[in-house]
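model_31.cif (mmCIF, C-alpha atoms (C1' of nucleotides)) appears below.
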data_structure
loop_
_atom_site.label_atom_id
_atom_site.label_comp_id
_atom_site.auth_asym_id
_atom_site.auth_seq_id
_atom_site.Cartn_x
_atom_site.Cartn_y
_atom_site.Cartn_z
CA MET A 160 -3.47 -17.19 -16.12
CA GLY A 161 -7.16 -17.65 -16.14
CA ARG A 162 -9.09 -15.62 -13.71
CA GLY A 163 -12.55 -15.40 -15.15
CA ARG A 164 -13.69 -12.11 -13.78
CA SER A 165 -13.11 -8.66 -15.10
CA GLU A 166 -12.16 -5.62 -13.12
CA LEU A 167 -14.51 -2.76 -12.58
CA LEU A 168 -14.20 0.04 -15.11
CA SER A 169 -13.40 3.22 -13.22
CA GLY A 170 -16.24 5.68 -13.11
CA THR A 171 -18.93 3.07 -13.48
CA LEU A 172 -19.35 2.26 -9.80
CA ASP A 173 -21.68 5.16 -9.09
CA LEU A 174 -23.72 4.26 -12.14
CA LEU A 175 -24.06 0.65 -11.04
CA ILE A 176 -25.11 1.67 -7.53
CA LEU A 177 -27.62 4.23 -8.76
CA LYS A 178 -29.10 1.70 -11.12
CA THR A 179 -29.36 -0.91 -8.41
CA LEU A 180 -31.04 1.52 -6.05
CA SER A 181 -33.53 2.45 -8.74
CA VAL A 182 -34.96 -1.03 -8.31
CA GLY A 183 -35.64 -0.58 -4.62
CA VAL A 184 -34.36 0.28 -1.17
CA LEU A 185 -31.35 -1.82 -0.22
CA HIS A 186 -28.53 -1.97 2.28
CA GLY A 187 -24.90 -1.88 1.23
CA TYR A 188 -24.29 -5.59 1.41
CA GLY A 189 -27.42 -6.20 -0.64
CA ILE A 190 -26.29 -3.74 -3.30
CA ALA A 191 -23.01 -5.60 -3.72
CA GLN A 192 -24.80 -8.96 -3.90
CA HIS A 193 -27.27 -7.62 -6.45
CA ILE A 194 -24.60 -6.28 -8.78
CA ARG A 195 -22.59 -9.44 -8.48
CA ARG A 196 -25.58 -11.64 -9.17
CA LEU A 197 -26.94 -9.63 -12.11
CA SER A 198 -23.54 -9.60 -13.77
CA SER A 199 -23.24 -13.38 -13.37
CA ASP A 200 -20.35 -12.93 -10.95
CA ALA A 201 -18.34 -10.87 -13.42
CA LEU A 202 -18.49 -7.64 -11.40
CA ARG A 203 -17.51 -7.65 -7.75
CA VAL A 204 -17.90 -4.51 -5.72
CA GLU A 205 -15.39 -4.42 -2.87
CA GLU A 206 -16.34 -2.97 0.50
CA GLY A 207 -13.53 -0.47 0.26
CA SER A 208 -15.11 0.92 -2.89
CA LEU A 209 -18.74 0.53 -1.97
CA TYR A 210 -19.04 2.41 1.30
CA PRO A 211 -17.03 5.46 0.24
CA ALA A 212 -19.14 5.54 -2.92
CA LEU A 213 -22.36 5.43 -0.90
CA GLN A 214 -21.08 8.31 1.21
CA ARG A 215 -20.26 10.31 -1.92
CA LEU A 216 -23.73 9.71 -3.32
CA GLN A 217 -25.31 10.89 -0.11
CA ALA A 218 -23.07 13.96 0.06
CA LYS A 219 -24.21 14.88 -3.44
CA GLY A 220 -27.84 14.40 -2.51
CA PHE A 221 -28.39 11.44 -4.80
CA ALA A 222 -29.32 9.07 -2.00
CA THR A 223 -30.54 9.06 1.57
CA SER A 224 -30.22 6.38 4.20
CA GLU A 225 -31.74 5.20 7.44
CA TRP A 226 -31.22 2.39 9.91
CA LYS A 227 -33.81 -0.30 9.62
CA ARG A 228 -34.29 -3.84 10.70
CA SER A 229 -33.55 -6.32 7.94
CA PRO A 230 -35.61 -9.49 7.36
CA THR A 231 -32.83 -11.44 9.05
CA GLY A 232 -33.55 -9.49 12.21
CA ARG A 233 -30.50 -7.30 12.47
CA GLN A 234 -29.98 -3.60 11.93
CA ALA A 235 -28.71 -2.36 8.59
CA ARG A 236 -28.40 0.97 6.82
CA TYR A 237 -30.85 1.12 3.96
CA TYR A 238 -30.25 3.43 1.01
CA ARG A 239 -32.92 5.10 -1.07
CA LEU A 240 -32.60 7.02 -4.33
CA THR A 241 -33.67 10.68 -4.31
CA ALA A 242 -35.28 12.51 -7.22
CA ALA A 243 -31.92 14.12 -7.98
CA GLY A 244 -30.36 10.68 -7.87
CA ARG A 245 -32.81 9.43 -10.44
CA ARG A 246 -31.96 12.33 -12.74
CA GLN A 247 -28.27 11.65 -12.23
CA LEU A 248 -28.81 8.01 -13.12
CA GLY A 249 -30.30 9.05 -16.45
CA LEU A 250 -27.35 11.34 -17.16
CA GLU A 251 -24.70 8.82 -16.24
CA GLU A 252 -26.38 6.02 -18.09
CA SER A 253 -26.55 7.84 -21.40
CA SER A 254 -23.08 9.26 -20.91
CA PHE A 255 -21.74 5.75 -20.34
CA LEU A 256 -23.47 4.38 -23.42
CA ASP A 257 -22.18 7.28 -25.53
CA SER A 258 -18.62 6.69 -24.38
CA VAL A 259 -18.80 3.00 -25.04
CA ALA A 260 -20.19 3.62 -28.50
CA ALA A 261 -17.37 6.05 -29.29
CA ILE A 262 -14.66 3.71 -28.06
CA THR A 263 -16.17 0.78 -29.90
CA ARG A 264 -16.13 2.88 -33.04
CA VAL A 265 -12.41 3.49 -32.64
CA LEU A 266 -11.75 -0.17 -31.91
CA ARG A 267 -13.58 -1.25 -35.02
CA ARG A 268 -12.37 1.38 -37.42
CA ALA A 269 -8.75 1.27 -36.39
CA GLU A 270 -8.25 -2.20 -37.82
CA PRO A 271 -5.13 -2.32 -39.98
CA MET B 1016 -15.79 17.56 -12.16
CA GLY B 1017 -17.04 17.36 -15.65
CA ARG B 1018 -18.00 19.79 -18.28
CA GLY B 1019 -19.68 16.94 -19.94
CA ARG B 1020 -18.65 16.79 -23.50
CA SER B 1021 -15.77 14.53 -24.12
CA GLU B 1022 -15.06 12.67 -20.97
CA LEU B 1023 -12.89 9.66 -21.32
CA LEU B 1024 -13.79 6.50 -19.47
CA SER B 1025 -10.97 5.90 -17.05
CA GLY B 1026 -8.78 2.99 -17.94
CA THR B 1027 -9.49 3.17 -21.65
CA LEU B 1028 -6.79 5.63 -22.61
CA ASP B 1029 -4.05 3.02 -22.90
CA LEU B 1030 -6.36 0.81 -24.91
CA LEU B 1031 -7.16 3.60 -27.36
CA ILE B 1032 -3.49 4.46 -27.78
CA LEU B 1033 -2.44 0.85 -28.27
CA LYS B 1034 -5.15 0.38 -30.84
CA THR B 1035 -4.16 3.52 -32.68
CA LEU B 1036 -0.52 2.50 -32.76
CA SER B 1037 -1.49 -0.89 -34.12
CA VAL B 1038 -2.42 0.91 -37.32
CA GLY B 1039 1.00 2.44 -37.77
CA VAL B 1040 3.84 4.51 -36.41
CA LEU B 1041 2.67 7.92 -35.24
CA HIS B 1042 3.76 10.90 -33.16
CA GLY B 1043 1.80 12.01 -30.10
CA TYR B 1044 -0.11 14.76 -31.77
CA GLY B 1045 -1.07 12.42 -34.58
CA ILE B 1046 -2.34 9.82 -32.10
CA ALA B 1047 -4.63 12.37 -30.51
CA GLN B 1048 -5.92 13.53 -33.89
CA HIS B 1049 -6.55 9.96 -34.99
CA ILE B 1050 -8.58 9.06 -31.92
CA ARG B 1051 -10.55 12.26 -32.14
CA ARG B 1052 -11.30 11.76 -35.80
CA LEU B 1053 -12.25 8.08 -35.59
CA SER B 1054 -14.62 8.78 -32.72
CA SER B 1055 -16.30 11.57 -34.68
CA ASP B 1056 -15.01 14.15 -32.21
CA ALA B 1057 -16.57 12.37 -29.24
CA LEU B 1058 -13.27 11.43 -27.62
CA ARG B 1059 -10.62 14.04 -27.04
CA VAL B 1060 -7.29 12.99 -25.67
CA GLU B 1061 -5.66 15.91 -23.87
CA GLU B 1062 -1.92 16.40 -24.12
CA GLY B 1063 -1.63 16.26 -20.36
CA SER B 1064 -3.06 12.76 -20.41
CA LEU B 1065 -1.46 11.57 -23.61
CA TYR B 1066 2.24 12.05 -22.92
CA PRO B 1067 2.26 10.47 -19.46
CA ALA B 1068 0.37 7.55 -20.98
CA LEU B 1069 2.95 7.19 -23.74
CA GLN B 1070 5.70 7.16 -21.14
CA ARG B 1071 3.88 4.50 -19.14
CA LEU B 1072 3.52 2.37 -22.25
CA GLN B 1073 7.22 2.70 -23.00
CA ALA B 1074 8.17 1.92 -19.41
CA LYS B 1075 6.15 -1.28 -19.62
CA GLY B 1076 7.76 -2.20 -22.90
CA PHE B 1077 4.60 -1.89 -24.95
CA ALA B 1078 5.97 0.82 -27.21
CA THR B 1079 9.25 2.28 -28.37
CA SER B 1080 9.97 5.69 -29.80
CA GLU B 1081 12.51 7.57 -31.87
CA TRP B 1082 13.05 11.05 -33.21
CA LYS B 1083 12.31 11.37 -36.85
CA ARG B 1084 11.67 14.10 -39.33
CA SER B 1085 8.01 14.41 -40.17
CA PRO B 1086 6.74 15.02 -43.72
CA THR B 1087 6.34 18.69 -42.81
CA GLY B 1088 10.05 18.90 -42.15
CA ARG B 1089 10.21 19.18 -38.40
CA GLN B 1090 11.38 16.78 -35.72
CA ALA B 1091 8.85 14.65 -33.88
CA ARG B 1092 8.95 11.64 -31.62
CA TYR B 1093 7.40 8.66 -33.36
CA TYR B 1094 5.92 5.79 -31.38
CA ARG B 1095 5.84 2.19 -32.47
CA LEU B 1096 4.06 -0.80 -30.95
CA THR B 1097 6.21 -3.70 -29.72
CA ALA B 1098 5.25 -7.36 -29.85
CA ALA B 1099 4.42 -7.21 -26.14
CA GLY B 1100 2.31 -4.15 -26.85
CA ARG B 1101 0.35 -6.04 -29.44
CA ARG B 1102 -0.33 -8.84 -26.98
CA GLN B 1103 -1.36 -6.30 -24.37
CA LEU B 1104 -3.73 -4.72 -26.86
CA GLY B 1105 -5.48 -8.04 -27.29
CA LEU B 1106 -5.79 -8.50 -23.54
CA GLU B 1107 -7.10 -5.02 -22.88
CA GLU B 1108 -9.49 -5.12 -25.77
CA SER B 1109 -11.23 -8.29 -24.67
CA SER B 1110 -11.16 -7.20 -21.04
CA PHE B 1111 -12.85 -3.95 -22.01
CA LEU B 1112 -15.52 -5.72 -24.03
CA ASP B 1113 -16.16 -8.14 -21.16
CA SER B 1114 -16.57 -5.32 -18.69
CA VAL B 1115 -18.93 -3.42 -20.94
CA ALA B 1116 -20.99 -6.55 -21.51
CA ALA B 1117 -21.26 -7.16 -17.76
CA ILE B 1118 -22.25 -3.59 -16.99
CA THR B 1119 -24.76 -3.53 -19.81
CA ARG B 1120 -26.26 -6.70 -18.41
CA VAL B 1121 -26.77 -5.00 -15.05
CA LEU B 1122 -28.20 -1.90 -16.68
CA ARG B 1123 -30.71 -3.92 -18.63
CA ARG B 1124 -31.71 -6.44 -16.01
CA ALA B 1125 -32.03 -3.97 -13.18
CA GLU B 1126 -35.12 -2.40 -14.71
CA PRO B 1127 -37.89 -2.12 -12.15
"C1'" DC C 966 8.91 38.90 -34.73
"C1'" DA C 967 4.41 36.81 -33.50
"C1'" DC C 968 1.95 32.84 -33.87
"C1'" DC C 969 0.63 28.12 -34.21
"C1'" DT C 970 2.08 23.42 -33.79
"C1'" DA C 971 4.08 19.83 -31.17
"C1'" DT C 972 6.32 17.77 -27.26
"C1'" DA C 973 6.96 17.35 -22.40
"C1'" DC C 974 6.35 17.57 -17.41
"C1'" DA C 975 4.74 18.53 -12.58
"C1'" DT C 976 1.25 18.74 -9.66
"C1'" DA C 977 -3.32 18.03 -7.86
"C1'" DG C 978 -7.49 15.51 -7.48
"C1'" DA C 979 -10.44 11.66 -7.86
"C1'" DT C 980 -11.20 6.75 -7.52
"C1'" DG C 981 -10.84 1.77 -6.74
"C1'" DT C 982 -8.48 -1.89 -3.96
"C1'" DG C 983 -6.98 -4.80 -0.19
"C1'" DA C 984 -6.33 -5.38 4.51
"C1'" DC C 985 -8.24 -4.74 8.39
"C1'" DA C 986 -11.49 -3.93 12.39
"C1'" DG C 987 -15.35 -4.20 14.18
"C1'" DG C 988 -20.62 -5.58 15.44
"C1'" DT C 989 -25.04 -8.72 15.41
"C1'" DA C 990 -28.27 -12.52 14.71
"C1'" DT C 991 -29.12 -17.54 14.09
"C1'" DA C 992 -27.87 -22.56 14.14
"C1'" DG C 993 -26.09 -26.40 16.11
"C1'" DG C 994 -23.18 -29.03 19.40
"C1'" DG C 995 -22.15 -29.91 24.20
"C1'" DC D 438 -29.47 -23.93 28.47
"C1'" DC D 439 -24.89 -21.88 27.04
"C1'" DC D 440 -21.16 -21.43 23.70
"C1'" DT D 441 -19.23 -20.82 19.61
"C1'" DA D 442 -19.12 -21.06 14.63
"C1'" DT D 443 -20.91 -18.85 10.73
"C1'" DA D 444 -22.97 -16.06 7.96
"C1'" DC D 445 -24.40 -11.19 7.63
"C1'" DC D 446 -23.37 -6.13 7.64
"C1'" DT D 447 -20.89 -1.76 8.26
"C1'" DG D 448 -17.10 0.88 8.10
"C1'" DT D 449 -11.81 2.88 7.90
"C1'" DC D 450 -7.12 3.34 6.25
"C1'" DA D 451 -2.93 3.32 3.39
"C1'" DC D 452 -1.86 2.77 -1.10
"C1'" DA D 453 -1.46 2.65 -6.12
"C1'" DT D 454 -3.23 4.21 -10.36
"C1'" DC D 455 -4.93 7.29 -13.59
"C1'" DT D 456 -6.44 11.73 -15.55
"C1'" DA D 457 -6.99 16.86 -15.98
"C1'" DT D 458 -4.94 21.25 -15.57
"C1'" DG D 459 -1.62 24.29 -16.14
"C1'" DT D 460 2.90 25.39 -17.45
"C1'" DA D 461 7.25 25.18 -20.09
"C1'" DT D 462 9.98 24.52 -24.28
"C1'" DA D 463 11.20 24.52 -28.94
"C1'" DG D 464 10.58 24.47 -34.08
"C1'" DG D 465 8.54 26.06 -38.18
"C1'" DT D 466 5.70 29.57 -40.71
"C1'" DG D 467 3.62 33.84 -42.29
#
structure tokens encoding of this file:
Amino acid sequence: MGRGRSELLSGTLDLLILKTLSVGVLHGYGIAQHIRRLSSDALRVEEGSLYPALQRLQAKGFATSEWKRSPTGRQARYYRLTAAGRRQLGLEESSFLDSVAAITRVLRRAEP
Amino acid sequence: MGRGRSELLSGTLDLLILKTLSVGVLHGYGIAQHIRRLSSDALRVEEGSLYPALQRLQAKGFATSEWKRSPTGRQARYYRLTAAGRRQLGLEESSFLDSVAAITRVLRRAEP
DNA sequence: CACCTATACATAGATGTGACAGGTATAGGG
DNA sequence: CCCTATACCTGTCACATCTATGTATAGGTG
């Protein structure tokens, strides 16, 4: 026993990505680093989850992307939040907080 | 897709059921009512989700069940938490709280 | 009987993971 | 100078897991 990190709650990946992109334009690798760093290494976004998620977000019109040269000199696909994506972020954020509040209520009040 | 009223965060259903059963022995319908009531109607556990979940929990040894006559006179399958189920409840509860804390950290610190 | 409650299941759909397979720039040793 | 090691960076696939939807059934009640 004794891994320190927690698994990603299903359904929160899109929210985390949208939130991260609301800070600025980033490439995929940078998004993963950002989430991992801000969560103090508790949340790790795997490649196999990240890139499909970015494709979903683009398909829904919540993000756009373009190839650009990164500061390190190499090409990378940079993602940018759209206006619809920003609206979606607001929706998902409050929906997440509502759900957590409801579950927490059950956890507290169900004490024997 | 979501008609957004009572969506359940994925991965929390087992936790909610385990917690509810920790209060006492209940039948499926009663579990759903309990969760719905404690969450002030915010969380609705659908039958189609509930019964497969109860079977999973039994298959993993976290719950047992037996047919009994309910106070209203009819037969119902009553579910009871096992010792392993109680341990699992502790694990899932703290894991859930950790995850929520980590995500909340990202949501707060990612502000532009 | 008609209706509501309660239990159960089968299928479909979405999502996250791990393993893998690339491709490119920079640093440092030979 | 050239070569290779090492980070960086993007993507795909098979797979397991979980949940919603829709359907089936049986018992009790008015």
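Running the PyMOL selection byres ((chain B) within 9 of (chain C)) on this file leaves Gly1043, Tyr1044, Glu1062, Gly1063, Tyr1066, Pro1067, Ala1091 and Arg1092 of chain B selected.
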Take the selection from the previous step and output its residues with C-alpha atoms, as an mmCIF file, keeping the file's coordinate frame.
data_model
loop_
_atom_site.group_PDB
_atom_site.id
_atom_site.type_symbol
_atom_site.label_atom_id
_atom_site.label_comp_id
_atom_site.auth_asym_id
_atom_site.auth_seq_id
_atom_site.Cartn_x
_atom_site.Cartn_y
_atom_site.Cartn_z
ATOM 1 C CA GLY B 1043 1.800 12.010 -30.100
ATOM 2 C CA TYR B 1044 -0.110 14.760 -31.770
ATOM 3 C CA GLU B 1062 -1.920 16.400 -24.120
ATOM 4 C CA GLY B 1063 -1.630 16.260 -20.360
ATOM 5 C CA TYR B 1066 2.240 12.050 -22.920
ATOM 6 C CA PRO B 1067 2.260 10.470 -19.460
ATOM 7 C CA ALA B 1091 8.850 14.650 -33.880
ATOM 8 C CA ARG B 1092 8.950 11.640 -31.620
#
Over all C-alpha pairs taken in sequence order, what does chain A look like after a least-squares fit onto chain B? Please give it as a short mmCIF file (atom, residue, chain, number, x, y, z; two decimals) with C-alpha atoms, keeping the file's coordinate frame.
data_model
loop_
_atom_site.label_atom_id
_atom_site.label_comp_id
_atom_site.auth_asym_id
_atom_site.auth_seq_id
_atom_site.Cartn_x
_atom_site.Cartn_y
_atom_site.Cartn_z
CA MET A 160 -25.22 22.55 -18.42
CA GLY A 161 -24.54 21.18 -21.81
CA ARG A 162 -21.03 20.25 -22.54
CA GLY A 163 -21.24 17.72 -25.31
CA ARG A 164 -18.18 15.68 -24.66
CA SER A 165 -17.69 12.81 -22.31
CA GLU A 166 -14.77 12.23 -20.04
CA LEU A 167 -12.30 9.47 -20.60
CA LEU A 168 -13.08 6.26 -18.75
CA SER A 169 -10.12 5.46 -16.53
CA GLY A 170 -8.09 2.52 -17.69
CA THR A 171 -9.02 2.91 -21.32
CA LEU A 172 -6.27 5.33 -22.29
CA ASP A 173 -3.65 2.65 -22.82
CA LEU A 174 -6.12 0.65 -24.87
CA LEU A 175 -6.93 3.62 -27.08
CA ILE A 176 -3.24 4.39 -27.64
CA LEU A 177 -2.35 0.78 -28.40
CA LYS A 178 -5.21 0.55 -30.85
CA THR A 179 -4.20 3.76 -32.56
CA LEU A 180 -0.61 2.62 -32.87
CA SER A 181 -1.75 -0.65 -34.37
CA VAL A 182 -2.77 1.36 -37.41
CA GLY A 183 0.68 2.79 -37.96
CA VAL A 184 3.65 4.69 -36.60
CA LEU A 185 2.63 8.05 -35.16
CA HIS A 186 3.92 10.83 -32.96
CA GLY A 187 2.19 11.83 -29.76
CA TYR A 188 0.33 14.79 -31.16
CA GLY A 189 -0.89 12.65 -34.04
CA ILE A 190 -2.15 9.97 -31.67
CA ALA A 191 -4.25 12.52 -29.80
CA GLN A 192 -5.63 13.94 -33.05
CA HIS A 193 -6.45 10.47 -34.34
CA ILE A 194 -8.38 9.45 -31.24
CA ARG A 195 -10.22 12.73 -31.17
CA ARG A 196 -11.14 12.52 -34.82
CA LEU A 197 -12.23 8.86 -34.79
CA SER A 198 -14.45 9.46 -31.78
CA SER A 199 -16.08 12.45 -33.50
CA ASP A 200 -14.57 14.80 -30.93
CA ALA A 201 -16.09 12.90 -28.01
CA LEU A 202 -12.77 11.71 -26.58
CA ARG A 203 -9.99 14.20 -25.94
CA VAL A 204 -6.64 12.97 -24.76
CA GLU A 205 -4.86 15.63 -22.72
CA GLU A 206 -1.11 16.07 -22.96
CA GLY A 207 -0.76 15.47 -19.26
CA SER A 208 -2.28 12.04 -19.72
CA LEU A 209 -0.80 11.17 -23.08
CA TYR A 210 2.92 11.55 -22.54
CA PRO A 211 3.07 9.75 -19.19
CA ALA A 212 1.02 6.98 -20.78
CA LEU A 213 3.44 6.71 -23.70
CA GLN A 214 6.31 6.47 -21.23
CA ARG A 215 4.51 3.71 -19.33
CA LEU A 216 3.92 1.77 -22.53
CA GLN A 217 7.57 2.02 -23.45
CA ALA A 218 8.68 0.99 -19.96
CA LYS A 219 6.53 -2.11 -20.27
CA GLY A 220 7.97 -2.91 -23.67
CA PHE A 221 4.73 -2.38 -25.55
CA ALA A 222 6.10 0.41 -27.71
CA THR A 223 9.36 1.85 -28.95
CA SER A 224 10.12 5.32 -30.20
CA GLU A 225 12.59 7.26 -32.28
CA TRP A 226 13.10 10.82 -33.42
CA LYS A 227 12.17 11.35 -37.00
CA ARG A 228 11.41 14.20 -39.30
CA SER A 229 7.70 14.72 -39.80
CA PRO A 230 6.15 15.67 -43.17
CA THR A 231 5.88 19.23 -41.89
CA GLY A 232 9.65 19.30 -41.66
CA ARG A 233 10.20 19.31 -37.94
CA GLN A 234 11.47 16.68 -35.56
CA ALA A 235 9.01 14.53 -33.65
CA ARG A 236 9.13 11.37 -31.57
CA TYR A 237 7.44 8.56 -33.44
CA TYR A 238 6.00 5.58 -31.58
CA ARG A 239 5.78 2.05 -32.89
CA LEU A 240 3.96 -0.95 -31.45
CA THR A 241 6.08 -3.97 -30.48
CA ALA A 242 4.98 -7.60 -30.76
CA ALA A 243 4.32 -7.61 -27.01
CA GLY A 244 2.30 -4.45 -27.46
CA ARG A 245 0.15 -6.13 -30.06
CA ARG A 246 -0.52 -9.04 -27.72
CA GLN A 247 -1.36 -6.60 -24.94
CA LEU A 248 -3.78 -4.81 -27.23
CA GLY A 249 -5.65 -8.07 -27.80
CA LEU A 250 -5.83 -8.72 -24.05
CA GLU A 251 -6.99 -5.25 -23.14
CA GLU A 252 -9.50 -5.09 -25.92
CA SER A 253 -11.30 -8.28 -24.95
CA SER A 254 -11.05 -7.42 -21.28
CA PHE A 255 -12.67 -4.05 -21.97
CA LEU A 256 -15.47 -5.60 -24.00
CA ASP A 257 -16.09 -8.20 -21.29
CA SER A 258 -16.33 -5.54 -18.61
CA VAL A 259 -18.67 -3.42 -20.63
CA ALA A 260 -20.88 -6.41 -21.32
CA ALA A 261 -21.03 -7.26 -17.61
CA ILE A 262 -21.86 -3.71 -16.57
CA THR A 263 -24.47 -3.39 -19.27
CA ARG A 264 -26.03 -6.58 -17.99
CA VAL A 265 -26.33 -5.09 -14.51
CA LEU A 266 -27.72 -1.84 -15.88
CA ARG A 267 -30.38 -3.65 -17.83
CA ARG A 268 -31.36 -6.27 -15.31
CA ALA A 269 -31.47 -3.97 -12.33
CA GLU A 270 -34.51 -2.13 -13.62
CA PRO A 271 -37.14 -1.83 -10.90
#
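In terms of minimum interatomic distance to chain A, B:Ser1114 ranks closest within B:Thr1097, B:Ser1114, B:Thr1087, B:Ser1080, counting only C-alpha atoms.
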Run the PyMOL selection byres ((chain A and resi 238) around 6) mentally over the shown coordinates, then write out the matched residues as a count of residues only, using the chain letters and numbers from the document. 7
At a cut-off of 9 Å, list the chain D residues touching chain B, using all atoms listed in the file, as number ranges by chain. D: 455-458, 464-465
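Here the PyMOL selection byres ((chain A) within 7 of (chain B)) captures the residues Ser165, Leu167, Leu168, Ser169, Gly170, Lys178, Thr179, Val182, Ile194, Leu197, Ser198, Ala201, Leu202, Ser258, Ala261, Ile262, Arg264, Val265, Leu266, Arg268, Ala269, Glu270 and Pro271 of chain A.
For the pair CA of Gly189 (chain A) and C1' of DA442 (chain D), the separation is 22.9 Å.
Going from C1' of DA461 (chain D) to CA of Ile1032 (chain B) covers 24.6 Å.
In this structure, CA of Asp173 (chain A) sits 25.1 Å away from CA of Arg228 (chain A).
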